[in-house]
Amino acid sequence: MAKHSDTSWKKDHPSTLFSNSVQKADRAVKQAMSHPEEIAVEHAFNSISHAENARSNAEQRNEHMDLVEQNTEHLELMKQQLQEAQEIIEDREY
């Protein structure tokens, strides 16, 4: 199978990378919400951070901004959910 270009698909399609990153972060946040443990929350924070970097790249390329906006809204919701999971962990520690 031949490559379609010399650059990776991640560089060719930053909005796709962002969408995929948001989906991965969503799974990580759901895991952290259902099993609020420090490692799950840390993994979810890392996934969200990766998605935010992908969002920045997609915004710089100004590609599929309607999709970027939808995914950005979803990312903000996930941040709130993850904060709730973090609070559950902190409450258990006291």
# chains A, B, ... in the order shown; residues from 1 in each chain; ligands from 1
>>> residues_around(residues="Asn57 of chain A", least_positions_apart="6", cutoff="12 Å", atoms="only C-alpha atoms", output="NGL selection string")
:A and (10-19 or 50-51 or 63-65 or 68)
>>> write_last_selection(atoms="C-alpha atoms", output="PDB file, in the first residue's frame")
ATOM      1  CA  LYS A  10      -2.087  13.622  11.153  1.00  0.00           C
ATOM      2  CA  LYS A  11      -0.522  16.615   9.453  1.00  0.00           C
ATOM      3  CA  ASP A  12      -2.750  16.305   6.399  1.00  0.00           C
ATOM      4  CA  HIS A  13      -5.971  16.079   8.437  1.00  0.00           C
ATOM      5  CA  PRO A  14      -5.642  17.867  11.779  1.00  0.00           C
ATOM      6  CA  SER A  15      -9.418  18.013  12.315  1.00  0.00           C
ATOM      7  CA  THR A  16      -9.550  14.208  12.016  1.00  0.00           C
ATOM      8  CA  LEU A  17      -6.744  13.876  14.536  1.00  0.00           C
ATOM      9  CA  PHE A  18      -8.670  16.217  16.845  1.00  0.00           C
ATOM     10  CA  SER A  19     -11.875  14.191  16.458  1.00  0.00           C
ATOM     11  CA  HIS A  50      -3.423  15.608  23.811  1.00  0.00           C
ATOM     12  CA  ALA A  51      -6.836  16.552  22.396  1.00  0.00           C
ATOM     13  CA  GLU A  63      -9.888  23.086   8.811  1.00  0.00           C
ATOM     14  CA  HIS A  64     -13.522  21.981   9.268  1.00  0.00           C
ATOM     15  CA  MET A  65     -14.148  24.622  11.916  1.00  0.00           C
ATOM     16  CA  VAL A  68     -13.651  21.661  15.595  1.00  0.00           C
TER      17      VAL A  68
END
>>> select_by_dssp(residues="chain A", states="alpha helix (DSSP H)", output="ChimeraX atom specification")
/A:9-12,14-34,38-61,65-93
>>> residues_around(residues="segment 32-39 of chain A", least_positions_apart="4", cutoff="8 Å", atoms="only C-alpha atoms", output="ChimeraX atom specification")
/A:28,43-44,81-82,84-86,88-89
>>> write_last_selection(atoms="all heavy atoms", output="compact mmCIF listing (two decimals), in the first residue's frame")
# COMPACT_ATOMS: atom_id res chain seq x y z
N ALA A 28 -11.55 7.78 28.05
CA ALA A 28 -10.75 7.87 29.28
C ALA A 28 -11.53 8.55 30.40
O ALA A 28 -11.46 8.13 31.56
CB ALA A 28 -9.45 8.62 29.00
N HIS A 43 -4.78 9.48 33.47
CA HIS A 43 -4.83 9.08 32.08
C HIS A 43 -5.81 9.97 31.30
O HIS A 43 -5.52 10.40 30.17
CB HIS A 43 -5.23 7.61 31.97
CG HIS A 43 -5.35 7.12 30.56
ND1 HIS A 43 -4.26 6.97 29.73
CD2 HIS A 43 -6.44 6.77 29.83
CE1 HIS A 43 -4.68 6.54 28.55
NE2 HIS A 43 -5.99 6.42 28.59
N ALA A 44 -6.95 10.26 31.90
CA ALA A 44 -7.94 11.12 31.25
C ALA A 44 -7.41 12.54 31.07
O ALA A 44 -7.61 13.15 30.01
CB ALA A 44 -9.24 11.13 32.05
N GLN A 81 -16.54 16.96 33.76
CA GLN A 81 -16.77 15.62 34.29
C GLN A 81 -15.53 15.08 34.99
O GLN A 81 -15.63 14.46 36.05
CB GLN A 81 -17.17 14.67 33.15
CG GLN A 81 -18.52 14.97 32.56
CD GLN A 81 -18.79 14.14 31.31
OE1 GLN A 81 -17.87 13.78 30.58
NE2 GLN A 81 -20.06 13.87 31.06
N LEU A 82 -14.39 15.35 34.42
CA LEU A 82 -13.15 14.88 35.02
C LEU A 82 -12.88 15.59 36.34
O LEU A 82 -12.40 14.98 37.29
CB LEU A 82 -11.98 15.09 34.05
CG LEU A 82 -10.69 14.40 34.41
CD1 LEU A 82 -10.89 12.91 34.63
CD2 LEU A 82 -9.65 14.64 33.32
N GLU A 84 -15.15 16.50 38.37
CA GLU A 84 -16.03 15.82 39.33
C GLU A 84 -15.39 14.52 39.83
O GLU A 84 -15.45 14.22 41.02
CB GLU A 84 -17.39 15.53 38.68
CG GLU A 84 -18.22 16.77 38.41
CD GLU A 84 -19.46 16.48 37.59
OE1 GLU A 84 -19.84 15.29 37.45
OE2 GLU A 84 -20.04 17.45 37.07
N ALA A 85 -14.78 13.77 38.92
CA ALA A 85 -14.12 12.53 39.31
C ALA A 85 -12.95 12.83 40.26
O ALA A 85 -12.74 12.12 41.24
CB ALA A 85 -13.63 11.77 38.08
N GLN A 86 -12.22 13.88 39.97
CA GLN A 86 -11.10 14.28 40.83
C GLN A 86 -11.60 14.65 42.22
O GLN A 86 -10.99 14.28 43.23
CB GLN A 86 -10.34 15.47 40.21
CG GLN A 86 -9.14 15.93 41.00
CD GLN A 86 -8.02 14.92 41.01
OE1 GLN A 86 -7.73 14.30 39.99
NE2 GLN A 86 -7.39 14.73 42.14
N ILE A 88 -14.26 13.47 43.70
CA ILE A 88 -14.65 12.23 44.37
C ILE A 88 -13.43 11.59 45.02
O ILE A 88 -13.46 11.15 46.18
CB ILE A 88 -15.33 11.25 43.39
CG1 ILE A 88 -16.70 11.78 42.99
CG2 ILE A 88 -15.44 9.85 43.98
CD1 ILE A 88 -17.34 11.03 41.82
N ILE A 89 -12.35 11.56 44.29
CA ILE A 89 -11.10 10.97 44.82
C ILE A 89 -10.62 11.76 46.03
O ILE A 89 -10.24 11.20 47.05
CB ILE A 89 -10.01 10.92 43.72
CG1 ILE A 89 -10.40 9.92 42.66
CG2 ILE A 89 -8.66 10.58 44.31
CD1 ILE A 89 -9.53 9.96 41.42
>>> residues_around(residues="Thr72 of chain A", least_positions_apart="5", cutoff="9 Å", atoms="only C-alpha atoms", output="list of chain:residue names")
A:Val22, A:Glu52, A:Arg55, A:Leu67, A:Leu77
>>> write_last_selection(atoms="N, CA and C atoms", output="mmCIF file, in the first residue's frame")
data_model
loop_
_atom_site.group_PDB
_atom_site.id
_atom_site.type_symbol
_atom_site.label_atom_id
_atom_site.label_comp_id
_atom_site.auth_asym_id
_atom_site.auth_seq_id
_atom_site.Cartn_x
_atom_site.Cartn_y
_atom_site.Cartn_z
ATOM 1 N N VAL A 22 -10.465 13.472 20.707
ATOM 2 C CA VAL A 22 -11.619 13.731 21.573
ATOM 3 C C VAL A 22 -12.323 12.419 21.908
ATOM 4 N N GLU A 52 -6.372 18.753 23.320
ATOM 5 C CA GLU A 52 -6.241 20.207 23.237
ATOM 6 C C GLU A 52 -5.123 20.612 22.277
ATOM 7 N N ARG A 55 -6.500 20.152 18.891
ATOM 8 C CA ARG A 55 -7.418 21.246 18.577
ATOM 9 C C ARG A 55 -6.645 22.464 18.099
ATOM 10 N N LEU A 67 -16.757 21.258 12.814
ATOM 11 C CA LEU A 67 -16.413 20.053 13.567
ATOM 12 C C LEU A 67 -15.501 20.370 14.739
ATOM 13 N N LEU A 77 -16.978 19.895 28.211
ATOM 14 C CA LEU A 77 -17.856 19.074 29.055
ATOM 15 C C LEU A 77 -17.053 17.968 29.742
#
